[in-house]
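Colleague: Structure provided below as structure tokens; questions to follow.
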Amino acid sequence: MEKFRDSSLPLEERIDALLEALTVEEKLGFVGYRNAAVPRLGIPPYVWWNEALHGLARSGAATVFPQAIAMAATFSTELVERMGEVIAEEGNARYADSVRHGDFGTYKGLTYWSPNVNIFRDPRWGRGQETYGECPFLTGELGSAYVRGVQGSDPEHLKAVATPKHFAVHSGPEKDRLGFDAAVSEKDLRETYLPAFEKCVKAGAQSVMSAYNAVNGVPCSVNQRLLTDILRGEWGFDGAVVSDAGAGCALVDEHGKFGSYAEGVAAELKSGVDVATDADPRAGEALRAGLITGEDLDRALRNQFRVKFRLGMFDADRAYPSCDVIECDAHRALALEAARKSLVLLKNEAETLPLDPARLRSVAVIGPNADSRDVLLGNYCGTPSRPVTVLAGIQEALAGKCRVIYARGCELVSLRTENCAEDGDRLAEAVSAAERADVSIVCVGLDPRIEGEAGDAYNSDASGDKLSLELPGLQKVLIEKVAAVGRPVVLVVLSGSALAIPEAYAGAVVQAFYPGAGGGTAVADVLFGKVSPSGKLPVTFYRSAEELPPFADYSMAGRTYRFFRGEVLHPFGFGLSYTRFRYSGLAVPDRSEAGVPVAVSVEVENIGERGGDEVVQLYVSKLGAGYDDPLRQLAGMARVSLAPGERRRVEFRIDPEAFLLTAADGRRRIAPGRWRIAAGGSSVDTIDAETVLELRQQRD
């Protein structure tokens, strides 16, 4: 037995043994994301690239959870962590089965290029759907939950590997992403763009992906300050850094920083990249040209091998689950639970919802997203074997109770459905359906063809980004015409980002995001009262994009609930329920020493007539803070389920980091003085639970 296979030896000793056993040419075969086989040592090939953003992706059947932005709307670290556990279990089954059949290709490995913990700073960004929203605290909490779920509780024996991305300061524009230079202040860098990555690393993430863009003139994949000084030096990261696909070539073609691809790959390896996706055959060229040394190779491979050893890839006794776990009943049930808890009720005038099937003779289900499978899945998804569209979910819920009339109404973008027809060729059918129904459920929004990643969102006007927040095509016209019939209208909005929804035409509005394979069932459960909605917005819904700074401006001034000072359509953390909750008795110590967790509790009572879940949110704000400091900052959250009349005291421990303020030079320090702590059901609805906390400078 080769020494590196002896599992009784210390990890670093096994890595030393493997490095010693490999020739230089064999080492070069490991630099890229497609690791070559070493037959003489019994080492099979391996591909680092796999995807698992909201379920195992791009490799066949899998349990498809709600898209990441929808998972963020649950405000539940527990659900995200349990999703991660499902991903790891199904992924291990797929990996072992693929190896057994000789398939070592892309999307079959155990290193997942997820989660996306970039900050959704602007609703026009097409890939914002992949994120956990606009809040660094929420993103960090959910991102680290994903890491724990995917990797497991034993850092030396990993179930799989999470790869937080894109490090760092990355959120569009998509059309320029390969060569874009994000100009960012030290304050914004440390206060907004880095904290979620740090939380994921502290949670044990074993891989991190560098971004395409440059930060203040230095491309991320050659940014030694980010990849080495901060990531490893400040945060103690000991895993593998991977560069995004095509990043090495972009250093030459888009950024124009190097004269050859070999020079670019060499710079990546010297700056802290361990898996250079564009390495083949450039790493060999760089070595022969003296651009890199054998020590550079060994450094990168040591970090790679540390991850692989922790995955048990050189051990013979690792056990893998059967493929029977993929899309099993328990996993699908969890995805449905997540979908139900992700739906956000934005409006419910005169208690339009829930609808009572016993009082309905017919229901019209209208709109381009009513019977769409694409809007269930979002991007970076697996293939569900039993997807349930909104139409199908409603049909199933109302089977034998009342008639369901379907009309497409219009397309998402195109002005006509049939190429040879006239513009608006399905509007009359929709109006007729509304005339024959007691209520119209109109399903509008976007889909991954319109918003998403450059190259994937082929129907977008801006390479995956949005040019405005308005509904595209004839969707607003459709809503107006259906509403003009004069019967109740419910809007179900399926999109991965905030839109300026024409709510005035509807009695109720449900934001469903991209709710996963069981999304149609979840929507029907909420519409007809089987489930009370409990999702909360992980992003701010603005009235118009004109209220925001230019998209390419990475300053946080005037963006998100933390810095936007204007009126909004719906605030961060907002979401209605079919019941009502009252907050009281916020308990906060009068004084607390800086650097010590602060114990806070608040009483929450269900004063409605239905049971329901509430997401209790805790915010902090510094009294007398500077104009450039956050207006408020989420510092805690807890999901509680309360029966009618039930009251519960919810307890929090606010981490000292919540009381940090960031100076212009990026230094973060706990700020002694008076702080406001507020609890409530959104970032602004905290009227009944507000107090002041006095922080005193910690004694030496």
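Ligands are numbered from 1 in the order shown, residues from 1 within each chain, and chains are lettered A, B, ... in the order they appear in the structure tokens.
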From a DSSP calculation on the backbone, collect every residue of range 374-548 of chain A in strand (DSSP E) and output the set as a PDB file with C-alpha atoms, in the first residue's frame.

Modeller:
ATOM      1  CA  ARG A 403     -64.135  24.257 -12.332  1.00  0.00           C
ATOM      2  CA  VAL A 404     -60.673  25.551 -13.290  1.00  0.00           C
ATOM      3  CA  ILE A 405     -60.447  27.588 -16.511  1.00  0.00           C
ATOM      4  CA  TYR A 406     -56.983  28.168 -18.005  1.00  0.00           C
ATOM      5  CA  ALA A 407     -55.887  30.907 -20.394  1.00  0.00           C
ATOM      6  CA  VAL A 439     -61.934  34.871  -9.171  1.00  0.00           C
ATOM      7  CA  SER A 440     -58.913  35.168 -11.465  1.00  0.00           C
ATOM      8  CA  ILE A 441     -55.462  34.006 -10.375  1.00  0.00           C
ATOM      9  CA  VAL A 442     -53.016  35.770 -12.698  1.00  0.00           C
ATOM     10  CA  CYS A 443     -49.492  34.345 -12.806  1.00  0.00           C
ATOM     11  CA  VAL A 444     -46.933  36.817 -14.129  1.00  0.00           C
ATOM     12  CA  GLY A 445     -43.273  37.756 -13.655  1.00  0.00           C
ATOM     13  CA  VAL A 489     -57.993  39.256  -8.943  1.00  0.00           C
ATOM     14  CA  VAL A 490     -55.068  37.546  -7.210  1.00  0.00           C
ATOM     15  CA  LEU A 491     -51.572  38.104  -8.586  1.00  0.00           C
ATOM     16  CA  VAL A 492     -48.964  35.365  -8.227  1.00  0.00           C
ATOM     17  CA  VAL A 493     -45.571  36.773  -9.174  1.00  0.00           C
ATOM     18  CA  LEU A 494     -42.877  34.287 -10.102  1.00  0.00           C
ATOM     19  CA  ALA A 508     -54.014  40.073  -3.154  1.00  0.00           C
ATOM     20  CA  VAL A 509     -50.434  39.597  -4.303  1.00  0.00           C
ATOM     21  CA  VAL A 510     -48.191  36.596  -3.608  1.00  0.00           C
ATOM     22  CA  GLN A 511     -44.465  36.721  -4.405  1.00  0.00           C
TER      23      GLN A 511
END

Colleague: Would you list the contacts of Leu11 in chain A as a tab-separated table (two decimals) with C-alpha atoms, in the first residue's frame, taking every protein, DNA or RNA residue within 9 Å and counting only C-alpha atoms, but skipping same-chain residues closer than 2 positions in sequence?

Modeller:
chain	number	residue	atom	x	y	z
A	7	SER	CA	-5.35	6.61	6.84
A	8	SER	CA	-3.63	6.18	10.21
A	9	LEU	CA	-1.05	8.84	9.30
A	13	GLU	CA	2.12	13.59	6.20
A	14	ARG	CA	-0.17	11.83	3.73
A	15	ILE	CA	-0.12	14.92	1.51
A	16	ASP	CA	3.69	14.98	1.64
A	156	GLU	CA	-11.65	16.01	8.73
A	306	ARG	CA	-6.05	18.52	1.67
A	309	PHE	CA	-8.12	13.60	1.61
A	310	ARG	CA	-10.83	15.07	3.81

Colleague: Enumerate, as an MDAnalysis selection string, the complete set of residues in range 366-613 of chain A that a backbone-based DSSP assignment places in helix (DSSP H, G or I).

Modeller: chainID A and resid 374:377 390:398 427:435 475:483 503:505 519:527 545:547 560:563

Colleague: Nearest to Leu353 in chain A: which of A:Met83, A:Ala506, A:Cys135, A:Leu291 is it, counting only C-alpha atoms?

Modeller: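 Nearest candidate to Leu353 in chain A out of A:Met83, A:Ala506, A:Cys135, A:Leu291: A:Ala506.
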
Colleague: List as a VMD selection string the protein and nucleic acid residues near Lys199 in chain A, meaning an atom at most 8 Å away when only C-alpha atoms are counted, but skip any in the same chain fewer than 6 places from it.

Modeller: chain A and resid 140 to 141 143 to 144

Colleague: If you count only C-alpha atoms, which residues fall within 6 Å of range 210-219 of chain A, apart from same-chain ones fewer than 3 positions away, as a short mmCIF file (atom, residue, chain, number, x, y, z; two decimals) with N, CA and C atoms, in the first residue's frame?

Modeller:
data_model
loop_
_atom_site.label_atom_id
_atom_site.label_comp_id
_atom_site.auth_asym_id
_atom_site.auth_seq_id
_atom_site.Cartn_x
_atom_site.Cartn_y
_atom_site.Cartn_z
N HIS A 166 -19.02 34.54 -5.56
CA HIS A 166 -17.81 34.73 -6.35
C HIS A 166 -16.99 35.77 -5.60
N PHE A 167 -15.81 35.40 -5.17
CA PHE A 167 -14.99 36.19 -4.26
C PHE A 167 -14.14 37.16 -5.06
N ALA A 168 -14.45 38.43 -5.03
CA ALA A 168 -15.45 39.13 -4.23
C ALA A 168 -15.95 40.34 -5.01
N ARG A 177 -18.98 41.26 -17.32
CA ARG A 177 -18.45 40.61 -16.11
C ARG A 177 -17.02 40.10 -16.27
N LEU A 178 -16.62 39.69 -17.46
CA LEU A 178 -15.29 39.11 -17.63
C LEU A 178 -14.18 40.14 -17.49
N GLY A 179 -14.51 41.40 -17.75
CA GLY A 179 -13.47 42.42 -17.69
C GLY A 179 -13.83 43.61 -16.82
N PHE A 180 -14.92 43.49 -16.07
CA PHE A 180 -15.41 44.62 -15.28
C PHE A 180 -14.49 44.90 -14.09
N ASP A 181 -14.31 46.19 -13.80
CA ASP A 181 -13.52 46.61 -12.64
C ASP A 181 -14.46 47.24 -11.62
N ALA A 182 -14.70 46.53 -10.51
CA ALA A 182 -15.58 47.04 -9.46
C ALA A 182 -14.80 47.99 -8.57
N ALA A 183 -15.11 49.27 -8.68
CA ALA A 183 -14.46 50.27 -7.83
C ALA A 183 -15.23 50.34 -6.53
N VAL A 222 -6.24 36.98 -9.64
CA VAL A 222 -4.82 37.26 -9.40
C VAL A 222 -4.68 38.30 -8.27
N ASN A 223 -5.71 38.38 -7.46
CA ASN A 223 -5.74 39.38 -6.40
C ASN A 223 -5.17 38.78 -5.12
N SER A 243 -10.62 29.07 -9.58
CA SER A 243 -10.99 30.22 -10.41
C SER A 243 -12.20 29.85 -11.24
N ALA A 247 -11.86 32.40 -16.38
CA ALA A 247 -11.24 33.56 -15.74
C ALA A 247 -9.80 33.75 -16.18
#

Colleague: Need the shell around Ser534 in chain A: protein/DNA/RNA residues with any atom at most 8 Å away, counting only C-alpha atoms. Skip same-chain ones fewer than 6 positions apart. Format as a VMD selection string?

Modeller: chain A and resid 74 341 to 345 575 to 577 612 to 615

Colleague: By how many Å are CA of Pro656 in chain A and CA of Gly204 in chain A apart?

Modeller: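 Going from CA of Pro656 in chain A over to CA of Gly204 in chain A, I get 20.6 Å.
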
Colleague: As an exercise, work out the distance from CA of Pro448 in chain A to CA of Gly55 in chain A in Å and give it to one decimal place.

Modeller: 16.5 Å

Colleague: Contacts of range 1-5 of chain A at 6 Å or less, counting only C-alpha atoms, minus same-chain residues fewer than 6 places along, as number ranges by chain?

Modeller: A: 14, 17-18, 314

Colleague: Okay, now the selection with C-alpha atoms, as a PDB file, in the first residue's frame?

Modeller:
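Generated file (selection_0.pdb):
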ATOM      1  CA  ARG A  14      -0.166  11.832   3.726  1.00  0.00           C
ATOM      2  CA  ALA A  17       3.746  11.326   0.617  1.00  0.00           C
ATOM      3  CA  LEU A  18       1.471  11.887  -2.364  1.00  0.00           C
ATOM      4  CA  PHE A 314      -7.817   8.106  -1.186  1.00  0.00           C
TER       5      PHE A 314
END

Colleague: Using CA of Thr228 in chain A and CA of Val241 in chain A as the two end points, give the distance in Å to one decimal.

Modeller: 9.8 Å

Colleague: Which residues are close to Tyr619 in chain A, i.e. within 8 Å by only C-alpha atoms, leaving aside same-chain residues fewer than 4 positions away? Reply as a PyMOL selection string.

Modeller: chain A and resi 632-636+677-679+683

Colleague: Between A:Leu623, A:His170, A:Pro644, A:Arg121, which one has atoms that come closest to Ala671 in chain A, using only C-alpha atoms?

Modeller: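 Between A:Leu623, A:His170, A:Pro644, A:Arg121, the residue approaching Ala671 in chain A most closely is A:Leu623.
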
Colleague: Smallest atom-to-atom distance to Leu642 in chain A: which of A:Glu81, A:Phe659, A:Arg674, A:Phe581, using only C-alpha atoms?

Modeller: A:Phe581

Colleague: So, with only C-alpha atoms as the atoms that count, which of A:Val38, A:Cys220, A:Val47, A:Val161 lies closest to Tyr107 in chain A?

Modeller: A:Val47

Colleague: Name the closest residue to Leu56 in chain A among the candidates A:Asn118, A:Ser153, A:Asn92, A:Ser682; distances are taken between atoms, counting only C-alpha atoms.

Modeller: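 Using only C-alpha atoms, the shortest distance to Leu56 in chain A belongs to A:Asn92.
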
Colleague: Under the rule that only C-alpha atoms are counted, which of A:Leu661, A:Leu478, A:Leu569, A:Val588 is the nearest residue to Lys347 in chain A?

Modeller: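 For Lys347 in chain A, the nearest of the given residues is A:Leu569.
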